[in-house]
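Asks: mmCIF, C-alpha atoms, pLDDT in the B column; chains and numbers go by the auth columns, file structure_5.cif:
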data_upload
#
loop_
_atom_site.group_PDB
_atom_site.id
_atom_site.type_symbol
_atom_site.label_atom_id
_atom_site.label_comp_id
_atom_site.label_asym_id
_atom_site.label_seq_id
_atom_site.Cartn_x
_atom_site.Cartn_y
_atom_site.Cartn_z
_atom_site.B_iso_or_equiv
_atom_site.auth_seq_id
_atom_site.auth_asym_id
ATOM 1 C CA MET A 1 -3.367 -13.417 -15.617 72.00 1 A
ATOM 2 C CA THR A 2 -1.598 -10.882 -17.834 79.00 2 A
ATOM 3 C CA LYS A 3 -4.318 -8.368 -18.677 84.00 3 A
ATOM 4 C CA ARG A 4 -5.159 -5.422 -16.444 88.00 4 A
ATOM 5 C CA TYR A 5 -8.771 -4.338 -15.921 86.00 5 A
ATOM 6 C CA GLN A 6 -9.606 -0.776 -14.797 84.00 6 A
ATOM 7 C CA LEU A 7 -12.650 -1.712 -12.739 88.00 7 A
ATOM 8 C CA PHE A 8 -14.747 -0.123 -9.988 90.00 8 A
ATOM 9 C CA GLU A 9 -13.680 -0.162 -6.321 93.00 9 A
ATOM 10 C CA PHE A 10 -15.826 1.291 -3.569 93.00 10 A
ATOM 11 C CA GLU A 11 -13.008 2.946 -1.651 88.00 11 A
ATOM 12 C CA ASP A 12 -12.001 5.009 -4.714 87.00 12 A
ATOM 13 C CA GLN A 13 -15.356 6.738 -4.964 90.00 13 A
ATOM 14 C CA PRO A 14 -15.668 10.268 -3.497 88.00 14 A
ATOM 15 C CA TRP A 15 -19.266 9.514 -2.429 93.00 15 A
ATOM 16 C CA PHE A 16 -18.274 6.398 -0.469 93.00 16 A
ATOM 17 C CA PRO A 17 -18.744 7.005 3.292 93.00 17 A
ATOM 18 C CA ASP A 18 -15.428 7.724 4.954 88.00 18 A
ATOM 19 C CA PHE A 19 -16.212 5.638 8.051 89.00 19 A
ATOM 20 C CA LEU A 20 -16.665 2.564 5.832 92.00 20 A
ATOM 21 C CA ARG A 21 -13.436 3.328 3.982 89.00 21 A
ATOM 22 C CA GLN A 22 -11.526 3.651 7.262 86.00 22 A
ATOM 23 C CA ASN A 23 -12.921 0.391 8.604 90.00 23 A
ATOM 24 C CA MET A 24 -11.907 -1.384 5.396 91.00 24 A
ATOM 25 C CA MET A 25 -8.400 0.062 5.705 85.00 25 A
ATOM 26 C CA ASP A 26 -8.245 -1.073 9.336 86.00 26 A
ATOM 27 C CA PHE A 27 -9.003 -4.638 8.237 88.00 27 A
ATOM 28 C CA LEU A 28 -6.259 -4.550 5.610 84.00 28 A
ATOM 29 C CA ARG A 29 -3.752 -3.103 8.088 80.00 29 A
ATOM 30 C CA PHE A 30 -4.573 -5.752 10.675 84.00 30 A
ATOM 31 C CA SER A 31 -4.380 -8.608 8.169 83.00 31 A
ATOM 32 C CA ILE A 32 -1.204 -7.442 6.416 81.00 32 A
ATOM 33 C CA SER A 33 0.597 -6.818 9.698 79.00 33 A
ATOM 34 C CA LYS A 34 -0.415 -10.109 11.338 80.00 34 A
ATOM 35 C CA LEU A 35 0.520 -12.173 8.281 81.00 35 A
ATOM 36 C CA GLY A 36 3.777 -10.291 7.679 82.00 36 A
ATOM 37 C CA VAL A 37 2.828 -10.042 4.002 86.00 37 A
ATOM 38 C CA TYR A 38 5.560 -7.584 3.093 91.00 38 A
ATOM 39 C CA GLU A 39 8.475 -9.147 4.975 91.00 39 A
ATOM 40 C CA PRO A 40 10.038 -10.477 1.715 92.00 40 A
ATOM 41 C CA ILE A 41 10.474 -6.942 0.328 93.00 41 A
ATOM 42 C CA VAL A 42 12.625 -5.747 3.248 93.00 42 A
ATOM 43 C CA PRO A 43 15.900 -6.489 1.367 93.00 43 A
ATOM 44 C CA LEU A 44 14.594 -4.527 -1.637 94.00 44 A
ATOM 45 C CA LEU A 45 13.667 -1.538 0.486 94.00 45 A
ATOM 46 C CA ARG A 46 16.982 -1.753 2.336 93.00 46 A
ATOM 47 C CA GLU A 47 18.783 -1.710 -1.020 92.00 47 A
ATOM 48 C CA LEU A 48 16.749 1.313 -2.089 92.00 48 A
ATOM 49 C CA LEU A 49 17.615 3.237 1.073 92.00 49 A
ATOM 50 C CA ILE A 50 21.316 2.375 0.873 90.00 50 A
ATOM 51 C CA LYS A 51 21.658 3.277 -2.815 87.00 51 A
ATOM 52 C CA SER A 52 19.955 6.615 -2.241 86.00 52 A
ATOM 53 C CA GLU A 53 21.598 7.267 1.153 86.00 53 A
ATOM 54 C CA GLN A 54 18.230 7.686 2.861 87.00 54 A
ATOM 55 C CA THR A 55 16.994 6.774 6.349 88.00 55 A
ATOM 56 C CA THR A 56 13.525 8.333 6.027 93.00 56 A
ATOM 57 C CA ILE A 57 10.554 6.805 4.210 95.00 57 A
ATOM 58 C CA LEU A 58 7.615 8.866 2.982 96.00 58 A
ATOM 59 C CA ASP A 59 4.777 6.381 2.588 95.00 59 A
ATOM 60 C CA LEU A 60 2.183 7.584 0.072 96.00 60 A
ATOM 61 C CA CYS A 61 -1.420 6.362 -0.205 93.00 61 A
ATOM 62 C CA SER A 62 -0.959 4.785 3.233 91.00 62 A
ATOM 63 C CA GLY A 63 -4.598 3.784 3.785 84.00 63 A
ATOM 64 C CA GLY A 64 -4.549 2.091 7.184 80.00 64 A
ATOM 65 C CA GLY A 65 -0.732 2.016 7.239 80.00 65 A
ATOM 66 C CA GLY A 66 -0.489 -1.763 7.351 75.00 66 A
ATOM 67 C CA GLY A 67 2.140 -2.240 4.668 76.00 67 A
ATOM 68 C CA ILE A 68 4.945 -0.186 6.130 84.00 68 A
ATOM 69 C CA LYS A 69 3.956 -0.772 9.785 79.00 69 A
ATOM 70 C CA GLY A 70 4.747 -4.457 9.531 76.00 70 A
ATOM 71 C CA ILE A 71 8.284 -3.992 8.245 88.00 71 A
ATOM 72 C CA GLN A 72 9.568 -0.744 9.784 89.00 72 A
ATOM 73 C CA GLN A 73 11.305 -2.439 12.713 87.00 73 A
ATOM 74 C CA LEU A 74 12.643 -5.265 10.539 89.00 74 A
ATOM 75 C CA LEU A 75 14.126 -2.698 8.191 91.00 75 A
ATOM 76 C CA ALA A 76 15.728 -0.759 11.051 90.00 76 A
ATOM 77 C CA ASP A 77 17.207 -3.974 12.447 90.00 77 A
ATOM 78 C CA GLN A 78 18.710 -4.959 9.094 89.00 78 A
ATOM 79 C CA MET A 79 20.151 -1.481 8.524 89.00 79 A
ATOM 80 C CA GLN A 80 21.346 -1.301 12.140 88.00 80 A
ATOM 81 C CA GLN A 81 20.096 2.254 12.478 89.00 81 A
ATOM 82 C CA PRO A 82 16.754 4.005 13.081 90.00 82 A
ATOM 83 C CA VAL A 83 14.429 4.296 10.099 91.00 83 A
ATOM 84 C CA GLN A 84 11.845 7.077 10.285 93.00 84 A
ATOM 85 C CA VAL A 85 8.537 6.575 8.445 94.00 85 A
ATOM 86 C CA ILE A 86 6.014 9.286 7.554 96.00 86 A
ATOM 87 C CA LEU A 87 2.510 8.127 6.594 95.00 87 A
ATOM 88 C CA SER A 88 0.406 10.156 4.157 95.00 88 A
ATOM 89 C CA ASP A 89 -2.755 9.807 2.108 93.00 89 A
ATOM 90 C CA LYS A 90 -5.213 11.795 0.027 89.00 90 A
ATOM 91 C CA PHE A 91 -7.842 10.704 2.584 86.00 91 A
ATOM 92 C CA PRO A 92 -5.810 10.483 5.845 90.00 92 A
ATOM 93 C CA ASN A 93 -7.062 7.861 8.304 86.00 93 A
ATOM 94 C CA ILE A 94 -6.102 9.948 11.346 90.00 94 A
ATOM 95 C CA PRO A 95 -7.269 7.523 14.103 87.00 95 A
ATOM 96 C CA ALA A 96 -5.322 4.660 12.513 85.00 96 A
ATOM 97 C CA PHE A 97 -2.256 6.854 11.971 90.00 97 A
ATOM 98 C CA GLU A 98 -2.317 8.020 15.592 92.00 98 A
ATOM 99 C CA LEU A 99 -2.540 4.413 16.792 88.00 99 A
ATOM 100 C CA ILE A 100 0.429 3.409 14.630 89.00 100 A
ATOM 101 C CA ARG A 101 2.466 6.371 15.899 92.00 101 A
ATOM 102 C CA GLN A 102 1.731 5.346 19.475 92.00 102 A
ATOM 103 C CA GLU A 103 2.507 1.654 18.895 88.00 103 A
ATOM 104 C CA SER A 104 5.784 2.478 17.112 89.00 104 A
ATOM 105 C CA GLY A 105 6.987 4.833 19.827 90.00 105 A
ATOM 106 C CA GLY A 106 7.137 7.685 17.324 91.00 106 A
ATOM 107 C CA ALA A 107 9.257 5.838 14.754 92.00 107 A
ATOM 108 C CA ILE A 108 6.226 6.094 12.448 94.00 108 A
ATOM 109 C CA ASP A 109 4.605 9.525 12.182 95.00 109 A
ATOM 110 C CA PHE A 110 2.128 11.011 9.724 96.00 110 A
ATOM 111 C CA VAL A 111 1.089 14.057 7.727 95.00 111 A
ATOM 112 C CA PRO A 112 -2.462 15.045 8.754 94.00 112 A
ATOM 113 C CA GLU A 113 -3.167 17.031 5.556 95.00 113 A
ATOM 114 C CA PRO A 114 -4.177 15.335 2.259 95.00 114 A
ATOM 115 C CA ILE A 115 -1.170 14.533 0.055 95.00 115 A
ATOM 116 C CA ASP A 116 -1.421 14.054 -3.716 95.00 116 A
ATOM 117 C CA ALA A 117 0.946 11.280 -4.808 95.00 117 A
ATOM 118 C CA THR A 118 1.243 12.806 -8.296 95.00 118 A
ATOM 119 C CA ASP A 119 2.627 16.090 -6.920 94.00 119 A
ATOM 120 C CA VAL A 120 4.300 15.550 -3.563 95.00 120 A
ATOM 121 C CA PRO A 121 5.375 18.777 -1.805 94.00 121 A
ATOM 122 C CA GLY A 122 9.129 19.308 -1.931 88.00 122 A
ATOM 123 C CA GLU A 123 9.429 19.672 1.840 90.00 123 A
ATOM 124 C CA LEU A 124 8.331 16.036 2.281 93.00 124 A
ATOM 125 C CA ALA A 125 11.673 14.370 1.731 88.00 125 A
ATOM 126 C CA GLY A 126 12.680 10.717 1.886 91.00 126 A
ATOM 127 C CA CYS A 127 12.383 7.496 -0.046 95.00 127 A
ATOM 128 C CA ARG A 128 8.812 7.173 -1.299 96.00 128 A
ATOM 129 C CA THR A 129 6.813 3.961 -0.956 96.00 129 A
ATOM 130 C CA ILE A 130 3.341 2.828 -1.973 96.00 130 A
ATOM 131 C CA PHE A 131 1.958 -0.392 -0.483 94.00 131 A
ATOM 132 C CA SER A 132 -1.168 -2.132 -1.817 91.00 132 A
ATOM 133 C CA ALA A 133 -2.448 1.003 -3.539 92.00 133 A
ATOM 134 C CA PHE A 134 -0.730 1.568 -6.891 95.00 134 A
ATOM 135 C CA HIS A 135 -3.360 -0.481 -8.736 94.00 135 A
ATOM 136 C CA HIS A 136 -5.979 2.148 -7.859 92.00 136 A
ATOM 137 C CA PHE A 137 -4.474 4.532 -10.404 94.00 137 A
ATOM 138 C CA ASN A 138 -5.045 4.374 -14.136 93.00 138 A
ATOM 139 C CA PRO A 139 -1.933 4.314 -16.374 94.00 139 A
ATOM 140 C CA THR A 140 -1.882 8.104 -16.801 94.00 140 A
ATOM 141 C CA LEU A 141 -1.965 8.807 -13.069 95.00 141 A
ATOM 142 C CA SER A 142 0.405 5.915 -12.334 96.00 142 A
ATOM 143 C CA ARG A 143 2.964 7.342 -14.743 96.00 143 A
ATOM 144 C CA SER A 144 2.494 10.787 -13.140 96.00 144 A
ATOM 145 C CA ILE A 145 3.329 9.334 -9.706 97.00 145 A
ATOM 146 C CA LEU A 146 6.502 7.711 -11.019 97.00 146 A
ATOM 147 C CA THR A 147 7.460 10.776 -13.061 96.00 147 A
ATOM 148 C CA ASP A 148 7.089 13.061 -10.035 96.00 148 A
ATOM 149 C CA ALA A 149 9.576 10.908 -8.100 96.00 149 A
ATOM 150 C CA ALA A 150 12.035 10.644 -10.989 95.00 150 A
ATOM 151 C CA GLN A 151 11.953 14.350 -11.849 94.00 151 A
ATOM 152 C CA LYS A 152 12.484 15.306 -8.203 94.00 152 A
ATOM 153 C CA ARG A 153 15.379 12.803 -7.991 93.00 153 A
ATOM 154 C CA VAL A 154 13.959 10.805 -5.098 94.00 154 A
ATOM 155 C CA PRO A 155 13.784 6.979 -4.836 95.00 155 A
ATOM 156 C CA ILE A 156 10.459 5.191 -4.931 96.00 156 A
ATOM 157 C CA GLY A 157 9.272 1.649 -4.191 96.00 157 A
ATOM 158 C CA ILE A 158 5.932 0.241 -5.355 96.00 158 A
ATOM 159 C CA PHE A 159 4.761 -2.945 -3.610 96.00 159 A
ATOM 160 C CA GLU A 160 1.559 -4.945 -4.168 94.00 160 A
ATOM 161 C CA GLY A 161 0.745 -7.809 -1.800 87.00 161 A
ATOM 162 C CA ALA A 162 -0.402 -10.223 -4.495 87.00 162 A
ATOM 163 C CA GLY A 163 0.961 -11.892 -7.601 85.00 163 A
ATOM 164 C CA LYS A 164 -2.113 -11.388 -9.827 86.00 164 A
ATOM 165 C CA SER A 165 -3.698 -14.808 -10.210 87.00 165 A
ATOM 166 C CA TYR A 166 -7.197 -16.287 -10.283 87.00 166 A
ATOM 167 C CA LEU A 167 -6.214 -18.536 -7.373 87.00 167 A
ATOM 168 C CA GLU A 168 -5.814 -15.419 -5.201 85.00 168 A
ATOM 169 C CA ILE A 169 -9.336 -14.314 -6.108 90.00 169 A
ATOM 170 C CA LEU A 170 -10.677 -17.752 -5.159 91.00 170 A
ATOM 171 C CA ALA A 171 -8.797 -17.616 -1.845 86.00 171 A
ATOM 172 C CA ALA A 172 -10.286 -14.184 -1.093 86.00 172 A
ATOM 173 C CA LEU A 173 -13.814 -15.431 -1.786 91.00 173 A
ATOM 174 C CA LEU A 174 -13.322 -18.457 0.468 90.00 174 A
ATOM 175 C CA PHE A 175 -11.395 -16.981 3.390 87.00 175 A
ATOM 176 C CA PHE A 176 -12.245 -13.264 3.686 86.00 176 A
ATOM 177 C CA PRO A 177 -15.730 -13.879 5.179 88.00 177 A
ATOM 178 C CA VAL A 178 -14.336 -16.300 7.766 89.00 178 A
ATOM 179 C CA ILE A 179 -11.461 -13.977 8.675 87.00 179 A
ATOM 180 C CA PHE A 180 -13.821 -11.032 9.114 88.00 180 A
ATOM 181 C CA PHE A 181 -16.086 -13.012 11.432 89.00 181 A
ATOM 182 C CA PHE A 182 -13.275 -13.989 13.823 90.00 182 A
ATOM 183 C CA ILE A 183 -10.903 -10.994 13.862 88.00 183 A
ATOM 184 C CA THR A 184 -13.273 -8.005 13.842 90.00 184 A
ATOM 185 C CA PRO A 185 -13.596 -7.741 17.678 91.00 185 A
ATOM 186 C CA PHE A 186 -9.794 -7.604 18.026 88.00 186 A
ATOM 187 C CA MET A 187 -9.094 -4.834 15.493 87.00 187 A
ATOM 188 C CA ARG A 188 -7.897 -1.450 16.703 81.00 188 A
ATOM 189 C CA PRO A 189 -8.734 1.377 16.982 79.00 189 A
ATOM 190 C CA PHE A 190 -12.051 0.097 18.313 84.00 190 A
ATOM 191 C CA ARG A 191 -15.129 1.352 16.455 84.00 191 A
ATOM 192 C CA TRP A 192 -18.767 0.532 17.238 89.00 192 A
ATOM 193 C CA SER A 193 -19.520 1.147 13.569 89.00 193 A
ATOM 194 C CA ARG A 194 -17.209 -1.753 12.681 91.00 194 A
ATOM 195 C CA LEU A 195 -19.259 -4.191 14.754 93.00 195 A
ATOM 196 C CA PHE A 196 -22.581 -2.920 13.434 94.00 196 A
ATOM 197 C CA PHE A 197 -21.537 -2.905 9.759 94.00 197 A
ATOM 198 C CA THR A 198 -19.844 -6.294 10.009 92.00 198 A
ATOM 199 C CA TYR A 199 -22.264 -8.462 11.959 94.00 199 A
ATOM 200 C CA LEU A 200 -25.669 -6.754 11.609 94.00 200 A
ATOM 201 C CA VAL A 201 -25.414 -4.975 8.259 95.00 201 A
ATOM 202 C CA PRO A 202 -22.342 -6.569 6.619 94.00 202 A
ATOM 203 C CA LEU A 203 -21.339 -3.678 4.372 95.00 203 A
ATOM 204 C CA ILE A 204 -17.681 -3.715 5.490 94.00 204 A
ATOM 205 C CA PRO A 205 -16.953 -7.377 4.598 94.00 205 A
ATOM 206 C CA LEU A 206 -18.984 -7.208 1.376 95.00 206 A
ATOM 207 C CA CYS A 207 -17.302 -4.027 0.133 95.00 207 A
ATOM 208 C CA THR A 208 -13.876 -5.299 1.205 94.00 208 A
ATOM 209 C CA LEU A 209 -14.435 -8.608 -0.554 94.00 209 A
ATOM 210 C CA TRP A 210 -15.466 -6.846 -3.759 95.00 210 A
ATOM 211 C CA ASP A 211 -12.543 -4.405 -3.623 93.00 211 A
ATOM 212 C CA GLY A 212 -10.091 -7.187 -2.809 91.00 212 A
ATOM 213 C CA CYS A 213 -11.070 -9.289 -5.817 93.00 213 A
ATOM 214 C CA VAL A 214 -11.182 -6.282 -8.138 93.00 214 A
ATOM 215 C CA SER A 215 -7.778 -5.152 -6.858 92.00 215 A
ATOM 216 C CA ILE A 216 -6.186 -8.346 -8.148 92.00 216 A
ATOM 217 C CA LEU A 217 -7.706 -7.760 -11.581 94.00 217 A
ATOM 218 C CA ARG A 218 -6.407 -4.171 -11.546 94.00 218 A
ATOM 219 C CA LEU A 219 -2.837 -5.043 -10.590 95.00 219 A
ATOM 220 C CA TYR A 220 -0.007 -4.021 -12.890 96.00 220 A
ATOM 221 C CA THR A 221 2.317 -6.900 -13.742 95.00 221 A
ATOM 222 C CA PRO A 222 6.090 -6.262 -13.621 95.00 222 A
ATOM 223 C CA GLN A 223 5.976 -5.959 -17.423 95.00 223 A
ATOM 224 C CA HIS A 224 3.233 -3.331 -17.191 95.00 224 A
ATOM 225 C CA LEU A 225 5.248 -1.396 -14.627 96.00 225 A
ATOM 226 C CA LEU A 226 8.347 -1.322 -16.796 96.00 226 A
ATOM 227 C CA GLN A 227 6.239 -0.158 -19.736 95.00 227 A
ATOM 228 C CA LEU A 228 5.090 2.771 -17.598 95.00 228 A
ATOM 229 C CA THR A 229 8.657 3.721 -16.698 96.00 229 A
ATOM 230 C CA ALA A 230 9.827 3.463 -20.325 93.00 230 A
ATOM 231 C CA ALA A 231 7.744 6.536 -21.143 88.00 231 A
ATOM 232 C CA ILE A 232 9.301 8.680 -18.383 93.00 232 A
ATOM 233 C CA PRO A 233 11.813 11.104 -19.970 87.00 233 A
ATOM 234 C CA VAL A 234 14.236 11.357 -17.029 89.00 234 A
ATOM 235 C CA LYS A 235 17.917 10.532 -17.473 89.00 235 A
ATOM 236 C CA ASN A 236 20.183 8.874 -14.905 91.00 236 A
ATOM 237 C CA TYR A 237 17.326 7.184 -13.114 94.00 237 A
ATOM 238 C CA THR A 238 17.075 3.384 -13.028 94.00 238 A
ATOM 239 C CA TRP A 239 14.072 1.064 -12.647 96.00 239 A
ATOM 240 C CA ARG A 240 13.659 -2.608 -11.743 96.00 240 A
ATOM 241 C CA ALA A 241 10.493 -4.705 -11.439 97.00 241 A
ATOM 242 C CA GLY A 242 9.692 -8.288 -10.556 96.00 242 A
ATOM 243 C CA LYS A 243 8.115 -10.587 -7.964 95.00 243 A
ATOM 244 C CA VAL A 244 9.301 -11.962 -4.624 94.00 244 A
ATOM 245 C CA LYS A 245 7.759 -14.872 -2.730 90.00 245 A
ATOM 246 C CA HIS A 246 6.375 -14.925 0.804 84.00 246 A
ATOM 247 C CA LYS A 247 6.853 -17.990 3.022 81.00 247 A
ATOM 248 C CA THR A 248 3.180 -18.862 2.475 78.00 248 A
ATOM 249 C CA GLY A 249 3.742 -19.032 -1.284 79.00 249 A
ATOM 250 C CA LEU A 250 2.133 -15.634 -1.839 83.00 250 A
ATOM 251 C CA LYS A 251 3.908 -13.549 -4.478 89.00 251 A
ATOM 252 C CA ILE A 252 4.483 -9.818 -4.188 93.00 252 A
ATOM 253 C CA ILE A 253 4.843 -7.551 -7.217 95.00 253 A
ATOM 254 C CA TYR A 254 7.387 -4.750 -6.897 97.00 254 A
ATOM 255 C CA LEU A 255 8.899 -1.827 -8.762 97.00 255 A
ATOM 256 C CA ILE A 256 11.847 0.150 -7.421 96.00 256 A
ATOM 257 C CA GLY A 257 13.443 3.236 -8.908 95.00 257 A
ATOM 258 C CA TYR A 258 16.254 5.530 -7.820 94.00 258 A
ATOM 259 C CA PRO A 259 18.554 8.238 -9.236 92.00 259 A
ATOM 260 C CA VAL A 260 21.969 7.157 -10.445 87.00 260 A
ATOM 261 C CA ASN A 261 25.071 9.203 -9.673 76.00 261 A
ATOM 262 C CA THR A 262 26.948 9.264 -12.976 56.00 262 A
ATOM 263 C CA GLU A 263 30.094 10.614 -11.317 54.00 263 A
ATOM 264 C CA GLN A 264 30.696 7.335 -9.518 46.00 264 A
#
I'd like the structure from this file rewritten - as structure tokens, please.
Replies:
Amino acid sequence: MTKRYQLFEFEDQPWFPDFLRQNMMDFLRFSISKLGVYEPIVPLLRELLIKSEQTTILDLCSGGGGGIKGIQQLLADQMQQPVQVILSDKFPNIPAFELIRQESGGAIDFVPEPIDATDVPGELAGCRTIFSAFHHFNPTLSRSILTDAAQKRVPIGIFEGAGKSYLEILAALLFFPVIFFFITPFMRPFRWSRLFFTYLVPLIPLCTLWDGCVSILRLYTPQHLLQLTAAIPVKNYTWRAGKVKHKTGLKIIYLIGYPVNTEQ
């Protein structure tokens, strides 16, 4: 699958009920964390932090926070020093963020105010990351996100937990309904709305299934990502894109960028 389709996702729509959006994000956080989807990108993120001399990560478009939550401790262990993570989003999922802060013992914190990934406030420093969300943006906005990081001379890592294939869409159609049925009672923070809109009126699994399949069609390939960066007029900033493989065979698309010190 090489073509990208700019299709409709429920969670992108301003009219979409926030409680449904938060429940969908909770499912993704739970699933990504339990499966360790992003474990293969830890060496890439470690490289990004070392090259840029950073120990703080500003996670943009965090959703339910599942991407970075699953690898924060692994990253700290590999770097042999604490790694602070700050979650942020245009629609902050405060209950989920508070739960993650509690579970991480404060190693993961959050910004409660909405943060625009295309114009990040200067006081929010650190290596920027986006997990499972970059595909939501059209090419113009995507380039704006990357340009904002490059112009402000901060590193950025883009990570998508899929390799963009029709087999992944088939797997989502087959397994998402079963997964929802069994794991919903164990997801935290607990919400009565999650039970009602999963088992009685199944809006959460249906909307999540639609968004999950559409997300794969909307993914940027590594080639697409490098085409976006080619149009960014910032010197002494390097980009690299590709795929890494999870132990399950799942492939993860990535793009990393960081400023280069020409004096070295």
Asks: Report the residues retrieved by the PyMOL selection byres ((chain A and resi 12) around 10) from the displayed file, expressed as number ranges by chain.
Replies: A: 8-11, 13-16, 21, 136-137, 211
Asks: Please check which residues have atoms at most 10 Å from (-13.3, 1.4, 16.3) in the file's coordinates, counting only C-alpha atoms, and write them as a VMD selection string.
Replies: chain A and resid 19 22 to 23 26 95 to 96 184 to 195
Asks: Expand the PyMOL selection byres ((chain A and resi 82-85) around 12) into the explicit residue set it covers here, and present it as a CSV table (one decimal) with C-alpha atoms, in the coordinates of the input.
Replies:
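Dumped everything to selection-v9.csv:
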chain,number,residue,atom,x,y,z
A,45,LEU,CA,13.7,-1.5,0.5
A,46,ARG,CA,17.0,-1.8,2.3
A,49,LEU,CA,17.6,3.2,1.1
A,50,ILE,CA,21.3,2.4,0.9
A,53,GLU,CA,21.6,7.3,1.2
A,54,GLN,CA,18.2,7.7,2.9
A,55,THR,CA,17.0,6.8,6.3
A,56,THR,CA,13.5,8.3,6.0
A,57,ILE,CA,10.6,6.8,4.2
A,58,LEU,CA,7.6,8.9,3.0
A,59,ASP,CA,4.8,6.4,2.6
A,60,LEU,CA,2.2,7.6,0.1
A,62,SER,CA,-1.0,4.8,3.2
A,65,GLY,CA,-0.7,2.0,7.2
A,67,GLY,CA,2.1,-2.2,4.7
A,68,ILE,CA,4.9,-0.2,6.1
A,69,LYS,CA,4.0,-0.8,9.8
A,70,GLY,CA,4.7,-4.5,9.5
A,71,ILE,CA,8.3,-4.0,8.2
A,72,GLN,CA,9.6,-0.7,9.8
A,73,GLN,CA,11.3,-2.4,12.7
A,74,LEU,CA,12.6,-5.3,10.5
A,75,LEU,CA,14.1,-2.7,8.2
A,76,ALA,CA,15.7,-0.8,11.1
A,77,ASP,CA,17.2,-4.0,12.4
A,78,GLN,CA,18.7,-5.0,9.1
A,79,MET,CA,20.2,-1.5,8.5
A,80,GLN,CA,21.3,-1.3,12.1
A,81,GLN,CA,20.1,2.3,12.5
A,86,ILE,CA,6.0,9.3,7.6
A,87,LEU,CA,2.5,8.1,6.6
A,88,SER,CA,0.4,10.2,4.2
A,97,PHE,CA,-2.3,6.9,12.0
A,100,ILE,CA,0.4,3.4,14.6
A,101,ARG,CA,2.5,6.4,15.9
A,104,SER,CA,5.8,2.5,17.1
A,105,GLY,CA,7.0,4.8,19.8
A,106,GLY,CA,7.1,7.7,17.3
A,107,ALA,CA,9.3,5.8,14.8
A,108,ILE,CA,6.2,6.1,12.4
A,109,ASP,CA,4.6,9.5,12.2
A,110,PHE,CA,2.1,11.0,9.7
A,111,VAL,CA,1.1,14.1,7.7
A,124,LEU,CA,8.3,16.0,2.3
A,125,ALA,CA,11.7,14.4,1.7
A,126,GLY,CA,12.7,10.7,1.9
A,127,CYS,CA,12.4,7.5,0.0
A,128,ARG,CA,8.8,7.2,-1.3
A,129,THR,CA,6.8,4.0,-1.0
Asks: Let me make sure I understand: among A:Gly212, A:Gly163, A:Pro155, A:Pro202, which one has the smallest atom-to-atom distance to Trp239 (chain A) if we use all atoms listed in the file?
Replies: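 Closest to Trp239 (chain A) of all the choices is A:Pro155.
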Asks: If the box runs along x, y and z of the file and leaves 5 Å on each side of region 113-119 of chain A, what are its centre and edge lengths in Å, one decimal, as lines of an AutoDock Vina configuration file?
Replies:
center_x = -0.8
center_y = 14.2
center_z = -1.4
size_x = 16.8
size_y = 15.8
size_z = 23.9
Asks: Out of A:Leu99, A:Leu167, A:Cys61, A:Ile41, which residue has the shortest atom-to-atom distance to Leu217 (chain A) when counting all atoms listed in the file?
Replies: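 Of A:Leu99, A:Leu167, A:Cys61, A:Ile41, the one nearest Leu217 (chain A) is A:Leu167, counting all atoms listed in the file.
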Asks: Starting from the displayed file, determine the output of the PyMOL selection byres ((chain A and resi 256) around 8) and express the residue list as a compact mmCIF listing (two decimals) with C-alpha atoms, in the frame of the given file.
Replies:
# COMPACT_ATOMS: atom_id res chain seq x y z
CA LEU A 44 14.59 -4.53 -1.64
CA LEU A 48 16.75 1.31 -2.09
CA PRO A 155 13.78 6.98 -4.84
CA ILE A 156 10.46 5.19 -4.93
CA GLY A 157 9.27 1.65 -4.19
CA ILE A 158 5.93 0.24 -5.36
CA TRP A 239 14.07 1.06 -12.65
CA ARG A 240 13.66 -2.61 -11.74
CA ALA A 241 10.49 -4.70 -11.44
CA TYR A 254 7.39 -4.75 -6.90
CA LEU A 255 8.90 -1.83 -8.76
CA GLY A 257 13.44 3.24 -8.91
CA TYR A 258 16.25 5.53 -7.82
Asks: Expressed in Å to a single decimal, how great is the separation between CA of Met1 (chain A) and CA of His224 (chain A)?
Replies: 12.2 Å
Asks: Check the smallest atom-to-atom distance from each of A:Ala171, A:Cys213, A:Leu28, A:Leu206 to Tyr5 (chain A) using all atoms listed in the file, then report the winner.
Replies: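 Using all atoms listed in the file, the shortest distance to Tyr5 (chain A) belongs to A:Cys213.
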Asks: To one decimal place in Å, what is the distance between CA of Leu35 (chain A) and CA of Ser132 (chain A)?
Replies: 14.3 Å
Asks: Taking the point (0.8, -17.4, 1.3) as given in the file, collect each protein or nucleic acid residue that comes within 12 Å of it, counting all atoms listed in the file, and present the set as a PyMOL selection string.
Replies: chain A and resi 32+35-40+161-163+167-168+171-172+244-252
Asks: Using all atoms listed in the file, determine which residues lie at most 12 Å from Leu225 (chain A), disregarding the query and same-chain residues fewer than 4 positions distant; provide the list as a ChimeraX atom specification.
Replies: /A:4,134-135,138-139,142-143,145-146,157-160,219-221,229-232,239-243,253-257
Asks: Please complete region 140-144 of chain A with N, CA and C atoms and give it back as a tab-separated table (two decimals), in the coordinates of the input.
Replies:
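Resulting contents of result_21.tsv:
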chain	number	residue	atom	x	y	z
A	140	THR	N	-2.31	6.70	-16.74
A	140	THR	CA	-1.88	8.10	-16.80
A	140	THR	C	-1.47	8.62	-15.43
A	141	LEU	N	-2.30	8.36	-14.42
A	141	LEU	CA	-1.96	8.81	-13.07
A	141	LEU	C	-0.78	8.03	-12.51
A	142	SER	N	-0.72	6.74	-12.81
A	142	SER	CA	0.40	5.92	-12.33
A	142	SER	C	1.73	6.46	-12.86
A	143	ARG	N	1.75	6.78	-14.15
A	143	ARG	CA	2.96	7.34	-14.74
A	143	ARG	C	3.30	8.70	-14.12
A	144	SER	N	2.27	9.48	-13.78
A	144	SER	CA	2.49	10.79	-13.14
A	144	SER	C	3.15	10.62	-11.78
